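Novice: See entry.cif below, with mmCIF, C-alpha atoms and all ligand atoms.
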data_run
loop_
_atom_site.group_PDB
_atom_site.id
_atom_site.type_symbol
_atom_site.label_atom_id
_atom_site.label_comp_id
_atom_site.auth_asym_id
_atom_site.auth_seq_id
_atom_site.Cartn_x
_atom_site.Cartn_y
_atom_site.Cartn_z
ATOM 1 C CA MET Q 72 39.492 166.997 100.811
ATOM 2 C CA ALA Q 73 40.624 164.447 98.210
ATOM 3 C CA ILE Q 74 43.698 164.892 96.026
ATOM 4 C CA GLU Q 75 44.231 163.155 92.700
ATOM 5 C CA PHE Q 76 47.292 162.940 90.460
ATOM 6 C CA LYS Q 77 46.815 162.007 86.806
ATOM 7 C CA GLN Q 78 49.824 161.162 84.628
ATOM 8 C CA VAL Q 79 52.039 163.592 86.498
ATOM 9 C CA ASP Q 80 55.660 164.042 85.442
ATOM 10 C CA PHE Q 81 57.977 166.540 87.083
ATOM 11 C CA THR Q 82 61.448 167.582 85.960
ATOM 12 C CA TYR Q 83 63.754 169.940 87.884
ATOM 13 C CA GLN Q 84 65.644 172.534 85.850
ATOM 14 C CA PRO Q 85 64.497 171.292 82.452
ATOM 15 C CA GLY Q 86 66.665 172.152 79.496
ATOM 16 C CA THR Q 87 69.775 172.702 81.635
ATOM 17 C CA PRO Q 88 72.739 170.412 82.328
ATOM 18 C CA PHE Q 89 71.179 169.894 85.809
ATOM 19 C CA GLU Q 90 67.899 168.521 84.446
ATOM 20 C CA THR Q 91 66.560 165.808 86.802
ATOM 21 C CA LYS Q 92 63.356 163.896 86.246
ATOM 22 C CA ALA Q 93 61.958 163.441 89.764
ATOM 23 C CA LEU Q 94 58.413 162.162 89.051
ATOM 24 C CA THR Q 95 57.284 159.863 86.255
ATOM 25 C CA ASP Q 96 53.687 159.029 85.352
ATOM 26 C CA ILE Q 97 52.230 159.468 88.838
ATOM 27 C CA ASN Q 98 48.627 158.330 89.115
ATOM 28 C CA LEU Q 99 47.234 158.265 92.630
ATOM 29 C CA THR Q 100 44.399 159.300 94.889
ATOM 30 C CA ILE Q 101 44.690 160.559 98.443
ATOM 31 C CA PRO Q 102 41.177 159.816 99.699
ATOM 32 C CA ASP Q 103 39.246 162.483 101.592
ATOM 33 C CA GLY Q 104 39.591 161.900 105.343
ATOM 34 C CA SER Q 105 42.359 159.330 104.936
ATOM 35 C CA TYR Q 106 45.608 159.114 106.876
ATOM 36 C CA THR Q 107 47.911 158.480 103.955
ATOM 37 C CA ALA Q 108 51.562 157.554 104.428
ATOM 38 C CA LEU Q 109 53.994 158.323 101.632
ATOM 39 C CA ILE Q 110 57.038 156.079 101.885
ATOM 40 C CA GLY Q 111 60.062 155.251 99.762
ATOM 41 C CA HIS Q 112 63.824 155.106 99.768
ATOM 42 C CA THR Q 113 65.762 158.364 99.913
ATOM 43 C CA GLY Q 114 65.615 160.218 96.589
ATOM 44 C CA SER Q 115 62.461 158.363 95.470
ATOM 45 C CA GLY Q 116 60.535 161.608 94.958
ATOM 46 C CA LYS Q 117 58.475 162.009 98.165
ATOM 47 C CA SER Q 118 59.381 165.651 98.837
ATOM 48 C CA THR Q 119 58.850 166.536 95.197
ATOM 49 C CA LEU Q 120 55.416 164.919 95.233
ATOM 50 C CA LEU Q 121 54.592 166.605 98.541
ATOM 51 C CA GLN Q 122 55.284 170.040 97.070
ATOM 52 C CA HIS Q 123 52.642 169.359 94.408
ATOM 53 C CA LEU Q 124 49.987 169.022 97.134
ATOM 54 C CA ASP Q 125 49.660 172.792 97.478
ATOM 55 C CA ALA Q 126 51.080 173.725 94.069
ATOM 56 C CA LEU Q 127 54.446 174.898 95.397
ATOM 57 C CA LEU Q 128 55.578 172.864 92.404
ATOM 58 C CA LYS Q 129 53.389 172.407 89.346
ATOM 59 C CA PRO Q 130 53.524 169.316 87.166
ATOM 60 C CA THR Q 131 55.720 169.428 84.082
ATOM 61 C CA SER Q 132 52.918 167.393 82.490
ATOM 62 C CA GLY Q 133 49.668 165.903 83.791
ATOM 63 C CA THR Q 134 47.225 167.293 86.360
ATOM 64 C CA VAL Q 135 46.879 167.457 90.136
ATOM 65 C CA THR Q 136 43.322 167.939 91.402
ATOM 66 C CA ILE Q 137 43.147 169.298 94.947
ATOM 67 C CA GLY Q 138 39.529 169.455 96.107
ATOM 68 C CA ASP Q 139 37.903 171.296 93.216
ATOM 69 C CA ARG Q 140 41.086 172.975 91.940
ATOM 70 C CA VAL Q 141 42.843 171.478 88.950
ATOM 71 C CA ILE Q 142 46.539 172.333 88.731
ATOM 72 C CA THR Q 143 48.156 171.986 85.314
ATOM 73 C CA PRO Q 144 51.591 172.963 84.029
ATOM 74 C CA THR Q 145 50.168 176.330 82.979
ATOM 75 C CA THR Q 146 48.230 177.209 86.160
ATOM 76 C CA SER Q 147 49.036 180.783 87.170
ATOM 77 C CA ASN Q 148 50.674 181.413 90.537
ATOM 78 C CA LYS Q 149 48.281 184.274 91.143
ATOM 79 C CA ASP Q 150 45.180 182.741 92.663
ATOM 80 C CA LEU Q 151 46.630 179.899 94.681
ATOM 81 C CA LYS Q 152 46.057 181.606 98.022
ATOM 82 C CA SER Q 153 42.832 179.797 98.949
ATOM 83 C CA LEU Q 154 44.375 176.486 97.920
ATOM 84 C CA ARG Q 155 47.351 177.107 100.217
ATOM 85 C CA GLN Q 156 44.933 177.894 103.041
ATOM 86 C CA HIS Q 157 43.272 174.494 102.579
ATOM 87 C CA VAL Q 158 46.509 172.500 102.466
ATOM 88 C CA GLY Q 159 48.820 173.072 105.423
ATOM 89 C CA ILE Q 160 52.333 171.714 105.033
ATOM 90 C CA VAL Q 161 54.524 171.090 108.065
ATOM 91 C CA PHE Q 162 57.998 170.903 106.567
ATOM 92 C CA GLN Q 163 60.899 169.116 108.252
ATOM 93 C CA PHE Q 164 62.157 170.949 111.342
ATOM 94 C CA PRO Q 165 59.334 173.538 111.114
ATOM 95 C CA GLU Q 166 60.650 175.254 114.256
ATOM 96 C CA SER Q 167 63.429 176.709 112.104
ATOM 97 C CA GLN Q 168 60.774 178.921 110.479
ATOM 98 C CA LEU Q 169 59.647 180.627 113.703
ATOM 99 C CA PHE Q 170 60.558 184.290 113.608
ATOM 100 C CA GLU Q 171 58.189 186.512 115.632
ATOM 101 C CA GLU Q 172 58.872 188.017 119.072
ATOM 102 C CA THR Q 173 56.102 186.081 120.762
ATOM 103 C CA VAL Q 174 54.452 182.711 120.367
ATOM 104 C CA ALA Q 175 51.061 184.428 119.898
ATOM 105 C CA LYS Q 176 52.310 186.627 117.063
ATOM 106 C CA ASP Q 177 53.997 183.738 115.339
ATOM 107 C CA ILE Q 178 50.837 181.608 115.291
ATOM 108 C CA ALA Q 179 48.698 184.635 114.338
ATOM 109 C CA PHE Q 180 50.932 185.527 111.383
ATOM 110 C CA GLY Q 181 49.259 183.147 108.901
ATOM 111 C CA PRO Q 182 45.629 184.102 109.612
ATOM 112 C CA GLN Q 183 46.530 187.809 109.470
ATOM 113 C CA ASN Q 184 48.293 187.253 106.186
ATOM 114 C CA PHE Q 185 45.029 185.760 104.910
ATOM 115 C CA GLY Q 186 43.014 188.777 105.987
ATOM 116 C CA ALA Q 187 41.974 188.125 109.626
ATOM 117 C CA SER Q 188 42.050 191.107 111.994
ATOM 118 C CA GLU Q 189 44.832 191.164 114.583
ATOM 119 C CA ALA Q 190 42.340 190.542 117.396
ATOM 120 C CA ASP Q 191 40.769 187.548 115.638
ATOM 121 C CA ALA Q 192 44.155 186.134 114.667
ATOM 122 C CA LEU Q 193 45.361 186.354 118.275
ATOM 123 C CA LYS Q 194 42.191 184.627 119.472
ATOM 124 C CA THR Q 195 42.834 181.839 116.948
ATOM 125 C CA ALA Q 196 46.448 181.641 118.151
ATOM 126 C CA ALA Q 197 45.319 181.026 121.727
ATOM 127 C CA LYS Q 198 42.969 178.256 120.580
ATOM 128 C CA MET Q 199 45.619 176.590 118.420
ATOM 129 C CA LEU Q 200 48.185 176.589 121.204
ATOM 130 C CA THR Q 201 45.818 174.558 123.373
ATOM 131 C CA LEU Q 202 45.071 172.269 120.444
ATOM 132 C CA VAL Q 203 48.752 171.324 120.148
ATOM 133 C CA GLY Q 204 48.898 170.586 123.869
ATOM 134 C CA LEU Q 205 50.727 173.685 125.114
ATOM 135 C CA ASP Q 206 49.762 175.930 127.999
ATOM 136 C CA ALA Q 207 48.195 179.330 127.238
ATOM 137 C CA ASN Q 208 50.776 181.041 129.446
ATOM 138 C CA LEU Q 209 53.344 180.495 126.692
ATOM 139 C CA LEU Q 210 51.532 182.927 124.373
ATOM 140 C CA GLY Q 211 53.549 185.949 125.495
ATOM 141 C CA ARG Q 212 56.895 184.145 125.536
ATOM 142 C CA SER Q 213 59.541 184.332 122.849
ATOM 143 C CA PRO Q 214 59.367 181.154 120.757
ATOM 144 C CA PHE Q 215 63.154 180.989 121.030
ATOM 145 C CA ASP Q 216 62.965 180.455 124.811
ATOM 146 C CA LEU Q 217 61.032 177.199 124.395
ATOM 147 C CA SER Q 218 62.270 173.622 124.232
ATOM 148 C CA GLY Q 219 62.758 172.060 120.788
ATOM 149 C CA GLY Q 220 59.581 170.007 121.135
ATOM 150 C CA GLN Q 221 57.557 173.048 122.252
ATOM 151 C CA MET Q 222 58.930 175.100 119.352
ATOM 152 C CA ARG Q 223 57.853 172.444 116.925
ATOM 153 C CA ARG Q 224 54.349 172.422 118.409
ATOM 154 C CA VAL Q 225 54.153 176.209 118.056
ATOM 155 C CA ALA Q 226 55.156 175.927 114.390
ATOM 156 C CA ILE Q 227 52.466 173.257 113.881
ATOM 157 C CA ALA Q 228 49.921 175.519 115.634
ATOM 158 C CA GLY Q 229 50.831 178.172 113.048
ATOM 159 C CA VAL Q 230 49.907 175.792 110.238
ATOM 160 C CA LEU Q 231 46.687 174.703 111.988
ATOM 161 C CA ALA Q 232 45.717 178.353 112.501
ATOM 162 C CA MET Q 233 44.955 178.496 108.773
ATOM 163 C CA GLN Q 234 42.298 175.822 109.442
ATOM 164 C CA PRO Q 235 43.499 173.549 106.658
ATOM 165 C CA LYS Q 236 41.458 170.611 105.387
ATOM 166 C CA VAL Q 237 44.588 168.668 104.510
ATOM 167 C CA LEU Q 238 47.574 168.482 106.858
ATOM 168 C CA VAL Q 239 50.803 167.384 105.189
ATOM 169 C CA LEU Q 240 53.605 166.250 107.496
ATOM 170 C CA ASP Q 241 57.147 165.842 106.188
ATOM 171 C CA GLU Q 242 58.988 163.602 108.670
ATOM 172 C CA PRO Q 243 57.441 165.503 111.560
ATOM 173 C CA THR Q 244 59.207 163.539 114.298
ATOM 174 C CA ALA Q 245 62.754 163.859 112.914
ATOM 175 C CA GLY Q 246 65.196 164.625 115.712
ATOM 176 C CA LEU Q 247 62.765 163.953 118.575
ATOM 177 C CA ASP Q 248 63.449 161.420 121.328
ATOM 178 C CA PRO Q 249 61.202 158.304 121.467
ATOM 179 C CA GLN Q 250 58.790 159.839 124.001
ATOM 180 C CA GLY Q 251 58.602 163.094 122.026
ATOM 181 C CA ARG Q 252 58.005 161.110 118.863
ATOM 182 C CA LEU Q 253 55.167 159.139 120.383
ATOM 183 C CA GLU Q 254 53.526 162.267 121.815
ATOM 184 C CA MET Q 255 53.781 164.048 118.473
ATOM 185 C CA MET Q 256 52.263 161.126 116.547
ATOM 186 C CA GLU Q 257 49.442 160.795 119.095
ATOM 187 C CA MET Q 258 48.815 164.531 118.773
ATOM 188 C CA PHE Q 259 48.394 164.229 114.986
ATOM 189 C CA ALA Q 260 46.016 161.278 115.395
ATOM 190 C CA LYS Q 261 43.914 163.327 117.830
ATOM 191 C CA LEU Q 262 43.986 166.429 115.626
ATOM 192 C CA ARG Q 263 42.916 164.384 112.639
ATOM 193 C CA HIS Q 264 39.730 163.307 114.393
ATOM 194 C CA GLU Q 265 38.993 166.578 116.166
ATOM 195 C CA GLN Q 266 39.591 168.750 113.099
ATOM 196 C CA ASN Q 267 38.292 166.282 110.490
ATOM 197 C CA LEU Q 268 41.554 166.413 108.588
ATOM 198 C CA THR Q 269 42.954 164.469 105.704
ATOM 199 C CA VAL Q 270 46.539 163.686 106.776
ATOM 200 C CA VAL Q 271 49.491 162.965 104.493
ATOM 201 C CA LEU Q 272 52.584 161.728 106.304
ATOM 202 C CA VAL Q 273 55.996 161.419 104.672
ATOM 203 C CA THR Q 274 58.049 159.089 106.814
ATOM 204 C CA HIS Q 275 60.857 156.546 107.011
ATOM 205 C CA GLN Q 276 59.315 155.124 110.227
ATOM 206 C CA MET Q 277 57.463 151.950 109.307
ATOM 207 C CA ASP Q 278 56.115 151.657 112.878
ATOM 208 C CA ASP Q 279 54.279 154.947 112.416
ATOM 209 C CA VAL Q 280 52.829 153.715 109.127
ATOM 210 C CA ALA Q 281 51.579 150.531 110.830
ATOM 211 C CA ASN Q 282 50.200 152.371 113.869
ATOM 212 C CA TYR Q 283 48.527 155.381 112.282
ATOM 213 C CA ALA Q 284 48.030 155.196 108.505
ATOM 214 C CA ASP Q 285 45.078 153.637 106.728
ATOM 215 C CA HIS Q 286 46.427 154.165 103.216
ATOM 216 C CA VAL Q 287 49.994 153.860 101.932
ATOM 217 C CA ILE Q 288 51.699 155.062 98.757
ATOM 218 C CA VAL Q 289 55.116 153.545 98.021
ATOM 219 C CA MET Q 290 57.513 155.392 95.723
ATOM 220 C CA ASP Q 291 60.665 154.195 94.035
ATOM 221 C CA GLN Q 292 62.797 156.159 91.569
ATOM 222 C CA GLY Q 293 60.119 158.752 90.938
ATOM 223 C CA ARG Q 294 57.304 156.283 90.380
ATOM 224 C CA VAL Q 295 54.458 154.983 92.519
ATOM 225 C CA VAL Q 296 55.173 151.264 92.816
ATOM 226 C CA LYS Q 297 52.401 150.219 95.212
ATOM 227 C CA THR Q 298 49.356 151.629 96.989
ATOM 228 C CA GLY Q 299 47.085 149.992 99.530
ATOM 229 C CA ALA Q 300 46.260 149.465 103.180
ATOM 230 C CA PRO Q 301 49.279 148.960 105.499
ATOM 231 C CA ARG Q 302 48.549 145.242 105.825
ATOM 232 C CA GLU Q 303 48.685 144.886 102.060
ATOM 233 C CA ILE Q 304 51.970 146.815 101.842
ATOM 234 C CA PHE Q 305 53.725 144.936 104.638
ATOM 235 C CA LYS Q 306 52.625 141.413 103.729
ATOM 236 C CA ASP Q 307 55.588 140.759 101.402
ATOM 237 C CA PRO Q 308 58.878 141.317 103.293
ATOM 238 C CA GLN Q 309 61.061 140.444 100.278
ATOM 239 C CA TRP Q 310 59.287 143.039 98.143
ATOM 240 C CA LEU Q 311 60.017 145.637 100.834
ATOM 241 C CA VAL Q 312 63.691 144.668 100.929
ATOM 242 C CA ASP Q 313 63.836 144.932 97.126
ATOM 243 C CA HIS Q 314 62.562 148.504 97.446
ATOM 244 C CA GLN Q 315 64.954 149.331 100.299
ATOM 245 C CA LEU Q 316 62.159 149.542 102.854
ATOM 246 C CA GLY Q 317 61.825 147.865 106.219
ATOM 247 C CA LEU Q 318 59.076 146.184 108.179
ATOM 248 C CA PRO Q 319 57.371 147.582 111.270
ATOM 249 C CA LYS Q 320 59.248 146.239 114.338
ATOM 250 C CA THR Q 321 56.235 144.210 115.420
ATOM 251 C CA THR Q 322 55.901 142.503 112.050
ATOM 252 C CA ALA Q 323 59.651 141.787 111.906
ATOM 253 C CA PHE Q 324 59.467 140.228 115.385
ATOM 254 C CA ALA Q 325 56.469 138.119 114.361
ATOM 255 C CA GLN Q 326 58.480 136.887 111.382
ATOM 256 C CA GLN Q 327 61.245 135.695 113.710
ATOM 257 C CA LEU Q 328 58.670 133.910 115.831
ATOM 258 C CA MET Q 329 57.293 132.210 112.708
ATOM 259 C CA ALA Q 330 60.759 130.743 112.143
ATOM 260 C CA LYS Q 331 60.330 129.173 115.592
ATOM 261 C CA GLY Q 332 56.993 127.613 114.706
ATOM 262 C CA LEU Q 333 54.371 130.198 115.627
ATOM 263 C CA THR Q 334 51.807 131.154 113.006
ATOM 264 C CA PHE Q 335 50.334 134.531 112.261
ATOM 265 C CA ASP Q 336 47.564 135.034 109.768
ATOM 266 C CA PRO Q 337 47.325 137.881 109.052
ATOM 267 C CA MET Q 338 50.723 139.172 110.182
ATOM 268 C CA PRO Q 339 50.389 141.518 113.173
ATOM 269 C CA LEU Q 340 51.170 145.169 112.432
ATOM 270 C CA THR Q 341 50.833 146.687 115.872
ATOM 271 C CA GLU Q 342 51.926 145.691 119.378
ATOM 272 C CA ASP Q 343 48.296 145.127 120.370
ATOM 273 C CA GLU Q 344 47.747 142.723 117.482
ATOM 274 C CA LEU Q 345 50.950 140.838 118.290
ATOM 275 C CA ALA Q 346 50.041 140.595 121.978
ATOM 276 C CA ALA Q 347 46.593 139.211 121.128
ATOM 277 C CA ASP Q 348 48.122 136.580 118.815
ATOM 278 C CA LEU Q 349 50.707 135.570 121.431
ATOM 279 C CA VAL Q 350 48.135 135.176 124.166
ATOM 280 C CA GLN Q 351 46.373 132.670 121.917
ATOM 281 C CA GLN Q 352 49.475 130.765 120.861
ATOM 282 C CA LEU Q 353 51.995 130.800 123.702
ATOM 283 C CA PRO Q 354 50.518 128.096 125.920
ATOM 284 C CA ALA Q 355 50.654 125.634 123.003
ATOM 285 C CA SER Q 356 54.210 126.480 121.989
ATOM 286 C CA ALA Q 357 55.411 126.498 125.590
ATOM 287 C CA PHE Q 358 54.242 122.886 125.990
ATOM 288 C CA GLY Q 359 55.877 121.356 122.957
ATOM 289 C CA GLY Q 360 53.492 122.572 120.260
ATOM 290 C CA ALA Q 361 50.396 120.669 121.459
ATOM 291 C CA GLN Q 362 47.108 122.461 120.913
ATOM 292 C CA ALA Q 363 46.268 124.625 123.940
ATOM 293 C CA ASN Q 364 43.114 123.683 125.785
ATOM 294 C CA ASP Q 365 41.319 125.210 128.671
ATOM 295 C CA ASP Q 366 41.284 122.284 131.174
HETATM 296 N N1 LIG Q 401 65.850 171.371 93.779
HETATM 297 C C1 LIG Q 401 66.232 170.300 93.082
HETATM 298 N N2 LIG Q 401 66.935 170.429 91.924
HETATM 299 C C2 LIG Q 401 67.318 169.346 91.200
HETATM 300 N N3 LIG Q 401 67.049 168.078 91.562
HETATM 301 C C3 LIG Q 401 66.378 167.878 92.707
HETATM 302 C C4 LIG Q 401 65.933 168.968 93.535
HETATM 303 N N4 LIG Q 401 65.285 168.459 94.621
HETATM 304 C C5 LIG Q 401 65.318 167.124 94.477
HETATM 305 N N5 LIG Q 401 65.968 166.775 93.337
HETATM 306 C C6 LIG Q 401 66.170 165.389 92.825
HETATM 307 O O1 LIG Q 401 64.891 164.812 92.618
HETATM 308 C C7 LIG Q 401 64.893 163.424 93.018
HETATM 309 C C8 LIG Q 401 63.809 163.209 94.077
HETATM 310 O O2 LIG Q 401 64.194 163.926 95.260
HETATM 311 P P1 LIG Q 401 63.209 164.100 96.504
HETATM 312 O O3 LIG Q 401 63.843 165.092 97.422
HETATM 313 O O4 LIG Q 401 61.833 164.379 96.019
HETATM 314 O O5 LIG Q 401 63.259 162.627 97.147
HETATM 315 P P2 LIG Q 401 62.789 162.134 98.604
HETATM 316 O O6 LIG Q 401 62.133 160.813 98.399
HETATM 317 O O7 LIG Q 401 61.987 163.187 99.256
HETATM 318 O O8 LIG Q 401 64.166 161.925 99.356
HETATM 319 P P3 LIG Q 401 64.478 161.959 100.965
HETATM 320 O O9 LIG Q 401 63.813 160.763 101.578
HETATM 321 O O10 LIG Q 401 65.973 161.853 100.981
HETATM 322 O O11 LIG Q 401 63.970 163.285 101.494
HETATM 323 C C9 LIG Q 401 66.305 163.127 93.493
HETATM 324 O O12 LIG Q 401 66.994 162.571 92.410
HETATM 325 C C10 LIG Q 401 66.866 164.491 93.854
HETATM 326 O O13 LIG Q 401 68.265 164.510 93.685
#
Written as structure tokens, that's how I'd like the structure from this file.
Specialist:
Amino acid sequence: MAIEFKQVDFTYQPGTPFETKALTDINLTIPDGSYTALIGHTGSGKSTLLQHLDALLKPTSGTVTIGDRVITPTTSNKDLKSLRQHVGIVFQFPESQLFEETVAKDIAFGPQNFGASEADALKTAAKMLTLVGLDANLLGRSPFDLSGGQMRRVAIAGVLAMQPKVLVLDEPTAGLDPQGRLEMMEMFAKLRHEQNLTVVLVTHQMDDVANYADHVIVMDQGRVVKTGAPREIFKDPQWLVDHQLGLPKTTAFAQQLMAKGLTFDPMPLTEDELAADLVQQLPASAFGGAQANDD
């Protein structure tokens, strides 16, 4: 499901001494089926923009089109239910929102709220638990007896149980150890393909952008300052520094190697790309820069 912003402004607490303009003239498209990363320095407006994706916030001016729904400043809150079913948002530390006595009931809560029978919702819960890589024998357990990583997966299963078309992830790996982070990111990549999802990822992790996203939106001070494929975004290191953003580790390492005489064109974004480039270049550099040959 595609999402389009046209001339969107958003101001918190307008007309009060606390008035803050958080979004200015946002024009962007999140393509259907894309894995879109939303990046930007802290306070640049990512969370505010994210809350427009299911009309938790409505624009102060401009329009947000989500699938076939057009949200304007005057859209009523009344009939947003189906929209919220289509756009599932996993907020930061989603495990803090678990509340039911059992894992099954927690995952089934959303579908029941949207009209599914208890039996159907529990069936969906069992399916979703497997989908997020947890064992079915956890269904009867209290969510509060699980590990942090398991709790987070249960919370994500609760969002997936609504069968959204768009999955929005707000720093979903915050607080996880490196292995947990990798597993979580791999899980989203798998879910995206299996469930045919459009994914929107808000992150400060440039490695995740390089490894998973195919479309990037960069924000700065409430404005979109660049959009494009990851390679396009990461090709100008100085521009990233100017916008208080970093490079993926692999690209930063390749830059250091360039200072020592290696060449990369295009710059590698992932470890696999870097490894392939090095295999081609290392024999030459190791023998004084002469062109490698196969004899
Ligand atoms: N509830 C609110 N009331 C008033 N101002 C707010 C509110 N929430 C955010 N803001 C302001 O809006 C601007 C954008 O904040 P936002 O949280 O969208 O940025 P962000 O890019 O998500 O930041 P971070 O990376 O730190 O999460 C900031 O100036 C922030 O202080």
Novice: Report the residues retrieved by the PyMOL selection byres (((not hetatm)) within 9 of (chain Q and resi 401)) from the displayed file, expressed as a PyMOL selection string.
Specialist: chain Q and resi 82-84+89-94+110-122+241-242+273-275+290-293
Novice: Excluding Val230 of chain Q and any residue of its chain fewer than 4 positions from it, enumerate the residues within 8 Å of it, using all atoms listed in the file, and give them as a list in words.
Specialist: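 So the residues in contact are Gly159, Ile160, Val161, Ile178, Gly181, Ala226, Gln234 and Pro235 of chain Q.
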Novice: Could you check how far atom CA of Asp125 of chain Q sits from atom CA of Glu257 of chain Q, in Å to one decimal?
Specialist: 24.7 Å
Novice: Name the residues within 12 Å of (50.5, 174.0, 85.8), counting only C-alpha atoms in the file's coordinates, and put them as a PyMOL selection string.
Specialist: chain Q and resi 79-81+123+125-136+140-149+151
Novice: With C-alpha atoms retained, could you export that selection as a PDB file, in the frame of the given file?
Specialist:
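Output file again_9.pdb is given in full below:
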ATOM      1  CA  VAL Q  79      52.039 163.592  86.498  1.00  0.00           C
ATOM      2  CA  ASP Q  80      55.660 164.042  85.442  1.00  0.00           C
ATOM      3  CA  PHE Q  81      57.977 166.540  87.083  1.00  0.00           C
ATOM      4  CA  HIS Q 123      52.642 169.359  94.408  1.00  0.00           C
ATOM      5  CA  ASP Q 125      49.660 172.792  97.478  1.00  0.00           C
ATOM      6  CA  ALA Q 126      51.080 173.725  94.069  1.00  0.00           C
ATOM      7  CA  LEU Q 127      54.446 174.898  95.397  1.00  0.00           C
ATOM      8  CA  LEU Q 128      55.578 172.864  92.404  1.00  0.00           C
ATOM      9  CA  LYS Q 129      53.389 172.407  89.346  1.00  0.00           C
ATOM     10  CA  PRO Q 130      53.524 169.316  87.166  1.00  0.00           C
ATOM     11  CA  THR Q 131      55.720 169.428  84.082  1.00  0.00           C
ATOM     12  CA  SER Q 132      52.918 167.393  82.490  1.00  0.00           C
ATOM     13  CA  GLY Q 133      49.668 165.903  83.791  1.00  0.00           C
ATOM     14  CA  THR Q 134      47.225 167.293  86.360  1.00  0.00           C
ATOM     15  CA  VAL Q 135      46.879 167.457  90.136  1.00  0.00           C
ATOM     16  CA  THR Q 136      43.322 167.939  91.402  1.00  0.00           C
ATOM     17  CA  ARG Q 140      41.086 172.975  91.940  1.00  0.00           C
ATOM     18  CA  VAL Q 141      42.843 171.478  88.950  1.00  0.00           C
ATOM     19  CA  ILE Q 142      46.539 172.333  88.731  1.00  0.00           C
ATOM     20  CA  THR Q 143      48.156 171.986  85.314  1.00  0.00           C
ATOM     21  CA  PRO Q 144      51.591 172.963  84.029  1.00  0.00           C
ATOM     22  CA  THR Q 145      50.168 176.330  82.979  1.00  0.00           C
ATOM     23  CA  THR Q 146      48.230 177.209  86.160  1.00  0.00           C
ATOM     24  CA  SER Q 147      49.036 180.783  87.170  1.00  0.00           C
ATOM     25  CA  ASN Q 148      50.674 181.413  90.537  1.00  0.00           C
ATOM     26  CA  LYS Q 149      48.281 184.274  91.143  1.00  0.00           C
ATOM     27  CA  LEU Q 151      46.630 179.899  94.681  1.00  0.00           C
TER      28      LEU Q 151
END
Novice: Tell me, in Å to one decimal, how far atom CA of Asn282 of chain Q is from atom CA of Thr341 of chain Q.
Specialist: 6.1 Å
Novice: Would you translate the PyMOL selection byres (((chain Q and resi 265) around 12) and not hetatm) into the concrete set of residues it matches in this file, as a PyMOL selection string?
Specialist: chain Q and resi 104+202-203+231+234+236+258-264+266-269
Novice: Could you list the residues chosen by the PyMOL selection byres (((chain Q and resi 319-324) around 6) and not hetatm) in this structure as a ChimeraX atom specification?
Specialist: /Q:277-278,318,325-327,339-341
Novice: Would you compute the distance between atom CA of Asn184 of chain Q and atom CA of Ser153 of chain Q? Give it in Å to one decimal.
Specialist: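 So the two atoms, atom CA of Asn184 of chain Q and atom CA of Ser153 of chain Q, lie 11.7 Å apart.
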Novice: Let me make sure I understand: among Q:Pro243, Q:Pro165, Q:Pro182, Q:Pro308, which one has the smallest atom-to-atom distance to Val225 of chain Q if we use all atoms listed in the file?
Specialist: Q:Pro165
Novice: Neighbours of Leu253 of chain Q within 10 Å (all atoms listed in the file; same-chain residues fewer than 5 positions away dropped), as a count of residues only?
Specialist: 5
Novice: I need every residue sitting at most 12 Å from the point (51.7, 174.7, 129.5) (coordinates as in the file, all atoms listed in the file considered), written as number ranges by chain.
Specialist: Q: 197, 200-210, 212, 217-218, 221, 224-225
Novice: Identify which of the residues Q:Glu166, Q:Asp139, Q:Asp191, Q:Glu171 lies closest to Gly220 of chain Q, counting all atoms listed in the file when measuring atom-to-atom distances.
Specialist: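 Answer, going by the shortest atom-to-atom distance: Q:Glu166.
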Novice: Quick one: everything within 10 Å of Asp177 of chain Q, counting all atoms listed in the file, minus sequence neighbours fewer than 2 positions away in the same chain. Send it as a PDB file with C-alpha atoms, in the frame of the given file.
Specialist:
ATOM      1  CA  GLN Q 168      60.774 178.921 110.479  1.00  0.00           C
ATOM      2  CA  LEU Q 169      59.647 180.627 113.703  1.00  0.00           C
ATOM      3  CA  PHE Q 170      60.558 184.290 113.608  1.00  0.00           C
ATOM      4  CA  GLU Q 171      58.189 186.512 115.632  1.00  0.00           C
ATOM      5  CA  GLU Q 172      58.872 188.017 119.072  1.00  0.00           C
ATOM      6  CA  THR Q 173      56.102 186.081 120.762  1.00  0.00           C
ATOM      7  CA  VAL Q 174      54.452 182.711 120.367  1.00  0.00           C
ATOM      8  CA  ALA Q 175      51.061 184.428 119.898  1.00  0.00           C
ATOM      9  CA  ALA Q 179      48.698 184.635 114.338  1.00  0.00           C
ATOM     10  CA  PHE Q 180      50.932 185.527 111.383  1.00  0.00           C
ATOM     11  CA  GLY Q 181      49.259 183.147 108.901  1.00  0.00           C
ATOM     12  CA  LEU Q 193      45.361 186.354 118.275  1.00  0.00           C
ATOM     13  CA  ALA Q 196      46.448 181.641 118.151  1.00  0.00           C
ATOM     14  CA  LEU Q 210      51.532 182.927 124.373  1.00  0.00           C
ATOM     15  CA  SER Q 213      59.541 184.332 122.849  1.00  0.00           C
ATOM     16  CA  PRO Q 214      59.367 181.154 120.757  1.00  0.00           C
ATOM     17  CA  VAL Q 225      54.153 176.209 118.056  1.00  0.00           C
ATOM     18  CA  ALA Q 226      55.156 175.927 114.390  1.00  0.00           C
ATOM     19  CA  ALA Q 228      49.921 175.519 115.634  1.00  0.00           C
ATOM     20  CA  GLY Q 229      50.831 178.172 113.048  1.00  0.00           C
TER      21      GLY Q 229
END
Novice: Quick one: of Q:Met256, Q:Thr298, Q:Met338, Q:Ala190, who's nearest to Tyr283 of chain Q, counting all atoms listed in the file?
Specialist: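 Using all atoms listed in the file, the shortest distance to Tyr283 of chain Q belongs to Q:Met256.
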